[in-house]
Each structure stands twice: as structure tokens, then as C-alpha cells.
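Participant: Here you go, this is protein-v4.cif (mmCIF, C-alpha atoms).
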data_structure
loop_
_atom_site.label_atom_id
_atom_site.label_comp_id
_atom_site.auth_asym_id
_atom_site.auth_seq_id
_atom_site.Cartn_x
_atom_site.Cartn_y
_atom_site.Cartn_z
CA MET A 1 -1.46 -6.21 27.50
CA SER A 2 1.24 -3.63 26.84
CA ASP A 3 2.00 -2.34 23.36
CA SER A 4 5.42 -4.02 23.35
CA LYS A 5 3.83 -7.41 24.09
CA LYS A 6 1.27 -6.88 21.31
CA ILE A 7 4.07 -6.06 18.87
CA GLY A 8 6.01 -9.12 20.02
CA LEU A 9 2.94 -11.33 19.57
CA MET A 10 2.34 -10.04 16.04
CA LEU A 11 6.02 -10.56 15.19
CA ILE A 12 5.81 -14.18 16.36
CA THR A 13 2.59 -14.66 14.35
CA ALA A 14 4.26 -13.29 11.22
CA LEU A 15 7.26 -15.60 11.72
CA VAL A 16 5.00 -18.62 12.26
CA PHE A 17 3.04 -18.05 9.04
CA SER A 18 6.29 -17.33 7.19
CA ALA A 19 7.63 -20.68 8.40
CA LEU A 20 4.41 -22.39 7.29
CA PHE A 21 4.68 -20.86 3.82
CA ILE A 22 8.33 -21.74 3.41
CA GLY A 23 8.64 -25.04 5.28
CA ILE A 24 5.59 -27.18 4.47
CA GLY A 25 6.34 -29.80 1.84
CA LEU A 26 10.09 -29.24 1.66
CA THR A 27 12.21 -32.32 1.03
CA ALA A 28 15.85 -32.94 0.19
CA ASN A 29 14.86 -33.29 -3.47
CA ASN A 30 12.73 -30.18 -3.96
CA TYR A 31 13.97 -27.61 -1.44
CA GLU A 32 16.04 -25.59 -3.93
CA TYR A 33 13.11 -25.02 -6.29
CA PHE A 34 10.55 -24.43 -3.55
CA LEU A 35 12.75 -21.99 -1.65
CA SER A 36 13.42 -20.03 -4.85
CA ARG A 37 9.64 -19.61 -5.25
CA ARG A 38 8.44 -19.29 -1.67
CA VAL A 39 10.99 -16.93 -0.12
CA PRO A 40 10.39 -14.12 -2.66
CA LYS A 41 6.63 -14.62 -2.24
CA VAL A 42 6.84 -14.18 1.54
CA LEU A 43 9.16 -11.18 1.15
CA ALA A 44 6.77 -9.61 -1.39
CA MET A 45 3.86 -9.91 1.03
CA ALA A 46 5.94 -8.45 3.85
CA LEU A 47 7.20 -5.53 1.75
CA ALA A 48 3.76 -4.77 0.32
CA GLY A 49 2.16 -4.95 3.76
CA ILE A 50 4.69 -2.59 5.31
CA ALA A 51 4.49 -0.11 2.43
CA VAL A 52 0.67 0.02 2.30
CA ALA A 53 0.28 0.24 6.08
CA GLN A 54 2.84 2.98 6.65
CA SER A 55 1.75 5.08 3.69
CA SER A 56 -1.90 4.89 4.79
CA LEU A 57 -1.05 5.72 8.40
CA VAL A 58 0.96 8.80 7.46
CA PHE A 59 -1.68 9.92 4.98
CA GLN A 60 -4.40 9.72 7.63
CA THR A 61 -2.22 11.66 10.07
CA LEU A 62 -1.67 14.46 7.59
CA THR A 63 -5.34 14.67 6.59
CA HIS A 64 -6.74 14.12 10.12
CA ASN A 65 -9.21 11.63 8.68
CA ARG A 66 -9.35 7.87 9.27
CA ILE A 67 -11.28 6.98 6.10
CA LEU A 68 -8.68 8.36 3.67
CA THR A 69 -5.84 6.38 2.12
CA PRO A 70 -3.46 7.16 -0.78
CA SER A 71 -5.77 5.16 -3.04
CA ILE A 72 -8.17 8.12 -3.05
CA MET A 73 -5.47 10.15 -4.82
CA GLY A 74 -5.80 7.97 -7.91
CA PHE A 75 -2.61 5.90 -7.68
CA ASP A 76 -4.38 2.59 -8.26
CA ALA A 77 -6.29 3.98 -11.24
CA LEU A 78 -3.10 5.50 -12.68
CA TYR A 79 -1.32 2.15 -12.35
CA LEU A 80 -4.11 0.42 -14.30
CA LEU A 81 -4.10 3.16 -16.93
CA THR A 82 -0.32 2.86 -17.29
CA GLN A 83 -0.51 -0.91 -17.79
CA THR A 84 -3.38 -0.49 -20.24
CA LEU A 85 -1.50 2.08 -22.31
CA ILE A 86 1.65 -0.04 -22.38
CA VAL A 87 -0.26 -3.02 -23.77
CA ALA A 88 -2.35 -0.87 -26.14
CA ILE A 89 0.68 0.92 -27.61
CA PHE A 90 3.39 -1.75 -27.58
CA GLY A 91 1.39 -5.00 -27.48
CA GLY A 92 0.95 -7.67 -24.85
CA PHE A 93 4.19 -9.48 -25.77
CA SER A 94 6.49 -6.46 -25.95
CA ALA A 95 9.54 -5.96 -23.72
CA TYR A 96 7.67 -3.21 -21.88
CA VAL A 97 5.25 -5.87 -20.61
CA LEU A 98 7.47 -8.94 -20.28
CA ASN A 99 10.59 -7.25 -18.90
CA ALA A 100 9.98 -6.96 -15.15
CA TYR A 101 12.48 -4.17 -14.56
CA LEU A 102 11.26 -2.06 -17.46
CA ASN A 103 7.58 -2.45 -16.62
CA PHE A 104 8.26 -1.74 -12.94
CA ALA A 105 10.29 1.38 -13.77
CA ILE A 106 7.56 2.75 -16.05
CA SER A 107 4.80 2.10 -13.49
CA VAL A 108 6.66 3.58 -10.53
CA GLY A 109 7.94 6.49 -12.63
CA ALA A 110 4.43 7.37 -13.81
CA MET A 111 3.04 7.36 -10.27
CA VAL A 112 5.92 9.36 -8.81
CA ILE A 113 5.72 11.97 -11.61
CA PHE A 114 1.97 12.19 -11.06
CA SER A 115 2.49 12.75 -7.32
CA VAL A 116 5.14 15.42 -7.95
CA LEU A 117 2.83 17.32 -10.31
CA LEU A 118 -0.17 16.93 -8.01
CA PHE A 119 1.68 18.01 -4.87
CA GLY A 120 3.38 20.79 -6.82
CA PHE A 121 -0.06 22.14 -7.69
CA TYR A 122 -1.07 22.00 -4.04
CA PHE A 123 2.07 23.61 -2.60
CA ALA A 124 2.39 26.24 -5.33
CA LYS A 125 -0.03 28.50 -3.47
CA GLU A 126 0.04 29.37 0.20
CA GLY A 127 -3.00 28.66 2.34
CA ARG A 128 -4.52 26.10 0.02
CA ASN A 129 -6.72 23.63 1.88
CA LEU A 130 -5.71 19.98 1.83
CA ILE A 131 -9.28 19.11 0.82
CA VAL A 132 -8.56 20.73 -2.56
CA LEU A 133 -5.69 18.29 -3.07
CA LEU A 134 -7.89 15.33 -2.16
CA LEU A 135 -10.68 16.44 -4.50
CA VAL A 136 -8.27 16.94 -7.39
CA GLY A 137 -6.74 13.53 -6.77
CA LEU A 138 -10.18 11.91 -6.53
CA ILE A 139 -11.33 13.47 -9.80
CA LEU A 140 -8.13 12.51 -11.62
CA GLY A 141 -8.46 8.97 -10.28
CA GLN A 142 -11.93 8.73 -11.81
CA VAL A 143 -10.59 10.10 -15.11
CA PHE A 144 -7.74 7.56 -15.14
CA GLY A 145 -10.07 4.69 -14.29
CA ASN A 146 -12.60 5.62 -16.97
CA ALA A 147 -9.85 6.08 -19.55
CA ALA A 148 -8.42 2.64 -18.73
CA SER A 149 -11.89 1.08 -19.03
CA PHE A 150 -12.49 2.78 -22.38
CA ILE A 151 -9.17 1.59 -23.81
CA THR A 152 -9.73 -2.00 -22.68
CA MET A 153 -13.10 -2.00 -24.46
CA LEU A 154 -11.25 -1.38 -27.75
CA MET A 155 -8.57 -4.01 -27.15
CA ASP A 156 -8.04 -7.36 -28.74
CA PRO A 157 -9.09 -10.13 -26.29
CA ASN A 158 -5.54 -11.49 -26.14
CA GLU A 159 -4.14 -8.09 -25.22
CA PHE A 160 -6.91 -7.56 -22.68
CA ALA A 161 -5.80 -10.79 -20.96
CA ALA A 162 -2.35 -9.24 -20.48
CA VAL A 163 -3.93 -6.17 -18.85
CA GLN A 164 -6.34 -8.22 -16.74
CA ALA A 165 -3.42 -10.01 -15.09
CA ASN A 166 -2.38 -6.67 -13.54
CA MET A 167 -5.83 -5.50 -12.46
CA PHE A 168 -5.79 -7.39 -9.16
CA ALA A 169 -3.19 -7.93 -6.47
CA SER A 170 -1.41 -11.25 -6.92
CA PHE A 171 1.15 -12.99 -4.74
CA ASN A 172 1.42 -16.13 -6.85
CA ASN A 173 3.33 -14.60 -9.77
CA VAL A 174 5.75 -12.38 -7.88
CA LYS A 175 8.81 -11.41 -9.89
CA VAL A 176 11.85 -12.39 -7.82
CA GLU A 177 14.13 -9.70 -9.19
CA LEU A 178 11.70 -6.94 -8.20
CA VAL A 179 11.45 -8.19 -4.62
CA TYR A 180 15.17 -7.93 -4.00
CA LEU A 181 15.23 -4.56 -5.76
CA CYS A 182 12.46 -3.15 -3.55
CA LEU A 183 13.88 -4.52 -0.29
CA PRO A 184 16.66 -1.91 0.24
CA VAL A 185 14.49 0.90 -1.15
CA LEU A 186 11.65 0.26 1.27
CA ALA A 187 14.09 -0.26 4.15
CA VAL A 188 15.58 3.21 3.62
CA ILE A 189 12.16 4.85 3.19
CA SER A 190 10.71 3.16 6.28
CA PHE A 191 13.73 4.19 8.37
CA THR A 192 13.38 7.78 7.15
CA LEU A 193 9.70 7.75 8.02
CA PHE A 194 10.35 6.32 11.48
CA ARG A 195 12.81 9.12 12.22
CA MET A 196 9.92 11.56 11.69
CA HIS A 197 7.70 9.93 14.32
CA ARG A 198 8.00 12.75 16.88
CA THR A 199 7.13 15.35 14.26
CA LEU A 200 4.15 13.31 13.06
CA ASP A 201 2.91 13.08 16.67
CA LEU A 202 2.62 16.87 16.75
CA PHE A 203 0.33 16.85 13.71
CA TRP A 204 -2.43 15.48 15.96
CA LEU A 205 -2.39 18.87 17.71
CA ASP A 206 -3.63 20.56 14.51
CA ARG A 207 -1.77 22.88 12.17
CA ASP A 208 -1.68 26.03 14.29
CA ASN A 209 -0.43 24.24 17.40
CA ALA A 210 2.22 22.40 15.40
CA ILE A 211 3.45 25.69 13.92
CA SER A 212 3.59 27.26 17.38
CA LEU A 213 5.86 24.40 18.49
CA GLY A 214 8.33 25.20 15.72
CA ILE A 215 7.25 22.69 13.06
CA ASP A 216 7.51 23.73 9.42
CA VAL A 217 4.13 22.17 8.58
CA GLN A 218 4.27 22.76 4.84
CA ARG A 219 7.76 21.28 4.42
CA VAL A 220 6.98 18.26 6.61
CA THR A 221 3.64 17.70 4.86
CA GLN A 222 5.29 17.84 1.46
CA ARG A 223 8.03 15.43 2.51
CA ALA A 224 5.63 12.99 4.17
CA LEU A 225 3.25 13.02 1.21
CA MET A 226 6.11 12.24 -1.18
CA ILE A 227 7.28 9.37 1.03
CA SER A 228 3.72 8.06 1.19
CA ALA A 229 3.39 8.33 -2.60
CA VAL A 230 6.63 6.44 -3.22
CA LEU A 231 5.61 3.69 -0.78
CA ILE A 232 2.22 3.15 -2.39
CA ALA A 233 3.74 3.38 -5.89
CA VAL A 234 6.30 0.68 -5.15
CA SER A 235 3.70 -1.53 -3.46
CA THR A 236 1.18 -1.20 -6.30
CA ALA A 237 3.80 -1.86 -8.97
CA LEU A 238 5.09 -4.88 -7.01
CA ILE A 239 1.85 -6.78 -6.29
CA GLY A 240 -0.96 -4.74 -7.86
CA PRO A 241 -3.72 -2.57 -6.37
CA VAL A 242 -5.40 -3.45 -3.05
CA MET A 243 -8.02 -0.77 -2.52
CA PHE A 244 -9.27 -1.14 1.07
CA PHE A 245 -6.31 -2.89 2.66
CA GLY A 246 -4.63 0.26 3.97
CA LEU A 247 -7.91 1.51 5.43
CA LEU A 248 -8.50 -1.82 7.17
CA VAL A 249 -5.12 -2.37 8.83
CA THR A 250 -4.47 1.23 9.88
CA ASN A 251 -7.79 1.57 11.67
CA LEU A 252 -7.47 -1.85 13.29
CA ALA A 253 -4.00 -0.87 14.48
CA ARG A 254 -5.32 2.36 16.00
CA GLU A 255 -8.01 0.41 17.84
CA LEU A 256 -5.57 -2.29 18.95
CA PHE A 257 -2.83 -0.02 20.29
CA ASN A 258 -4.98 2.95 21.36
CA THR A 259 -2.08 5.40 21.22
CA PHE A 260 -1.13 8.45 19.18
CA GLN A 261 2.61 7.77 19.25
CA HIS A 262 3.81 7.04 15.74
CA ARG A 263 6.86 5.12 16.93
CA VAL A 264 4.40 2.47 18.13
CA LEU A 265 1.82 2.87 15.35
CA LEU A 266 4.32 2.65 12.48
CA ILE A 267 5.75 -0.63 13.75
CA GLY A 268 2.45 -2.07 14.97
CA CYS A 269 0.57 -1.16 11.81
CA ALA A 270 3.29 -2.66 9.61
CA LEU A 271 3.38 -5.93 11.59
CA LEU A 272 -0.41 -6.20 11.64
CA SER A 273 -0.43 -5.70 7.88
CA VAL A 274 2.20 -8.40 7.34
CA CYS A 275 0.33 -10.83 9.63
CA THR A 276 -2.93 -10.16 7.80
CA LEU A 277 -1.43 -10.78 4.36
CA LEU A 278 0.48 -13.90 5.39
CA ALA A 279 -2.42 -15.42 7.32
CA GLY A 280 -4.98 -14.48 4.66
CA GLN A 281 -2.94 -15.85 1.77
CA TRP A 282 -2.18 -19.07 3.66
CA ILE A 283 -5.90 -19.58 4.36
CA VAL A 284 -6.79 -18.85 0.72
CA GLU A 285 -4.26 -21.40 -0.51
CA ASN A 286 -4.73 -24.18 2.05
CA LEU A 287 -8.36 -23.91 3.18
CA PHE A 288 -10.05 -22.48 0.08
CA SER A 289 -7.72 -24.20 -2.43
CA PHE A 290 -7.38 -21.00 -4.50
CA ASP A 291 -11.16 -20.79 -5.03
CA THR A 292 -10.86 -17.06 -4.35
CA THR A 293 -8.11 -14.45 -4.17
CA LEU A 294 -6.86 -12.53 -1.17
CA SER A 295 -7.52 -9.16 -2.80
CA VAL A 296 -11.23 -10.01 -3.17
CA VAL A 297 -11.47 -11.01 0.50
CA VAL A 298 -9.56 -7.92 1.66
CA ASN A 299 -11.66 -5.53 -0.41
CA PHE A 300 -14.88 -7.17 0.82
CA ALA A 301 -13.81 -7.05 4.48
CA GLY A 302 -12.42 -3.52 4.08
CA GLY A 303 -15.64 -2.30 2.48
CA LEU A 304 -17.71 -3.74 5.32
CA TYR A 305 -15.39 -2.17 7.90
CA PHE A 306 -15.62 1.17 6.12
CA LEU A 307 -19.42 1.07 6.31
CA TRP A 308 -19.27 0.01 9.97
CA MET A 309 -17.07 3.03 10.75
CA LEU A 310 -19.57 5.33 9.08
CA LEU A 311 -22.55 3.82 10.89
CA LYS A 312 -20.86 3.80 14.31
CA ASN A 313 -19.53 7.37 13.91
CA LYS A 314 -15.99 6.24 14.65
CA ILE A 315 -14.41 8.54 12.06
CA VAL A 316 -12.09 11.14 13.59
#
Using C-alpha cells, write down the structure from this file.

Facilitator:
Amino acid sequence: MSDSKKIGLMLITALVFSALFIGIGLTANNYEYFLSRRVPKVLAMALAGIAVAQSSLVFQTLTHNRILTPSIMGFDALYLLTQTLIVAIFGGFSAYVLNAYLNFAISVGAMVIFSVLLFGFYFAKEGRNLIVLLLVGLILGQVFGNAASFITMLMDPNEFAAVQANMFASFNNVKVELVYLCLPVLAVISFTLFRMHRTLDLFWLDRDNAISLGIDVQRVTQRALMISAVLIAVSTALIGPVMFFGLLVTNLARELFNTFQHRVLLIGCALLSVCTLLAGQWIVENLFSFDTTLSVVVNFAGGLYFLWMLLKNKIV
């Protein structure tokens, strides 16, 4: 089957599950309320899937490693620390927690500032190995996670409940206003990233070969890392952290399409991610009756796939 047919099949699958989410149970008496709840939920899953998939794909291209995702840089841990500090300082019922726009702006702002400082440290010196950046991000992620855990241990149980609601990805309490705010932002970022697909293809040839072909590797790397950071920041602030999801869908997309062309991988990876989220959430709601959450299933499956990659020596 050609890549275009695979993409078309995944697009149809995504539309089918979207129709199932939106259409089942609608009547002339309840359609206004149900549509106001279901459409933003489907859009949130689609936006989060696209953002996580594309950011992970670009990150793996830049690092030449299929087991790395932006989560290793500490973004998830920083998001949890930010939410913990907001509740610890201002209280669980303050405007910084209850106001969707304000909380979203603080979370995204903290992660973007962190990425600017981290990447500024990396690019401040010529010839610095990318592994240094990854190690610094990994260490800071551990520091953020431990700090968040320490603060929650000192919290009042009622305030801890407010933090706990943001510790896991959730598609059932999506804030409508944030979905429509993120839609144009992610559309512009994804279009910008797609325009870079030919340049990203050359990164598979290694740094020296890319430079010999006229690519400003440092400038492109800096730009792509910032785009990846913004994508994962918006996704995490929108639905919460999903640790292994990017690792899972990007590697499955590489196996499914078996190509190095990013014009195919960016679209295919995004559609596969959307299909996985829509299908997984529909199964959790209708077959498991909310006995578990999608983030738990994704992290479990992603962890198993990660171990399988290590054991089968499929890491490149």
C-alpha cells in the first residue's frame, strides 16, 4: 500500500471516530448541549495529538535518536512544578487556578522561558554537543519533579486535590476557550514546520554533510527546537502530560511509512496520533466505562514498546 493510501485510510479512521464521539446519542432535545461539550473534546484530542507527534518527530530528527522525546527535557516535570507552585502560593481556589486563560498563560510562559534559557545555554558556545543539552534537560527535569513532589507533601489535602487534577492527561474536562485559542496557534506552527521538511530531510545525512549542502545547522536546529518546545508546551498545558505517547506514535509511524521524507512523516505521524487518541478514548469510555484513563493505557503501552525497541536493537 502506498503512503498516500495509508494517509487516506488514517484520515478516514480519524473522521469515523470523530463522528462516533460527536454523533452517538444526539437528539433534537440535547444536541446543543452535547455538541458544545463533544466538539471541543474532539478538537482537543486532535490538537494534542498533532502537537505531541510533530514535536517528537522533529526532536528525534535533530538528535538522531528514536528513543528521545521532548519529555526528556523536563517539560512535563516543569508543568507539574508550575501547577504545584500556583496552588501552594495562591491557593486552590484562586484566579490563577480557576481562570483557564491565566493558568494556561502561566504554564505555557514558564515552559517557553525555560526552553529559551536552556537552548540559550546550549547555543551560547560553539561546538557544544547536543548530548550536553539533553543531560542538562534530564537533570533539571528530575529537579523539577522532586521539587513538585516535596511541595505536595507539605500541602493541605484540599489543595493537593487541585494539583492532582493536573497531574494526568484528561480529555473529559477540556476547557472550551483554550481549544479555540490553540487552534490557530498550532495551525501556524504546524505549517511553519511543514515548510522546513526538505531541510529536516538533510539532517539524516549527519551534521557535516548537511553543512556541506549549504544548511545553517545551528540556526535550523535552534529554530526547530523552539518550535518543538512551543508545541509540547501548548499540548501539555492543554490536556496535561502524556509521557510515552510521542515515543509510541513517532516510532510506529516510521515503521508504518518506512520513509525518511518529512513531508510524509509529519502528516502521517500527526494522523496516526489523532487516530490513536480518538480510538483509545472511545474504547476507554464505551468498552471500559471509564474504569481506567487513556494516559495510563498510553504510558503502559509506550513503556512496553520502549523496552521492546531496546531488546530488539531497533534504536537508530

Participant: So the first atom is CA of Ala187 (chain A) and the second is CA of Val264 (chain A); what is the distance between them in Å, to one decimal place?

Facilitator: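 Between CA of Ala187 (chain A) and CA of Val264 (chain A) the gap is 17.2 Å.
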
Participant: Find the residues near region 194-201 of chain A: any atom within 6 Å, counting only C-alpha atoms, skip ones fewer than 3 places away on the same chain, and give them as an MDAnalysis selection string.

Facilitator: chainID A and resid 191 204 261:263

Participant: For C-alpha atoms, I'd like the residues from the last selection saved as a compact mmCIF listing (two decimals), in the coordinates of the input.

Facilitator:
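Result file is out-v4.txt:
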# COMPACT_ATOMS: atom_id res chain seq x y z
CA PHE A 191 13.73 4.19 8.37
CA TRP A 204 -2.43 15.48 15.96
CA GLN A 261 2.61 7.77 19.25
CA HIS A 262 3.81 7.04 15.74
CA ARG A 263 6.86 5.12 16.93

Participant: Up to 12 Å from (-16.7, 1.0, 11.9) in the file's coordinates: name the residues, counting only C-alpha atoms, as a PyMOL selection string.

Facilitator: chain A and resi 66-67+247-248+251-252+255+301-316

Participant: Of the candidates A:Ile89, A:Phe59, A:Pro40, A:Ile189, which one gets nearest to Leu231 (chain A) if we count all atoms listed in the file?

Facilitator: A:Ile189

Participant: With all atoms listed in the file as the atoms that count, which of A:Ala233, A:Leu278, A:Leu287, A:Leu265 lies nearest to Ser4 (chain A)?

Facilitator: A:Leu265

Participant: Which of these residues is nearest to Thr84 (chain A), using all atoms listed in the file: A:Val16, A:Met155, A:Ala210, A:Ala148?

Facilitator: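 Looking only at the distances to Thr84 (chain A), the closest residue turns out to be A:Ala148.
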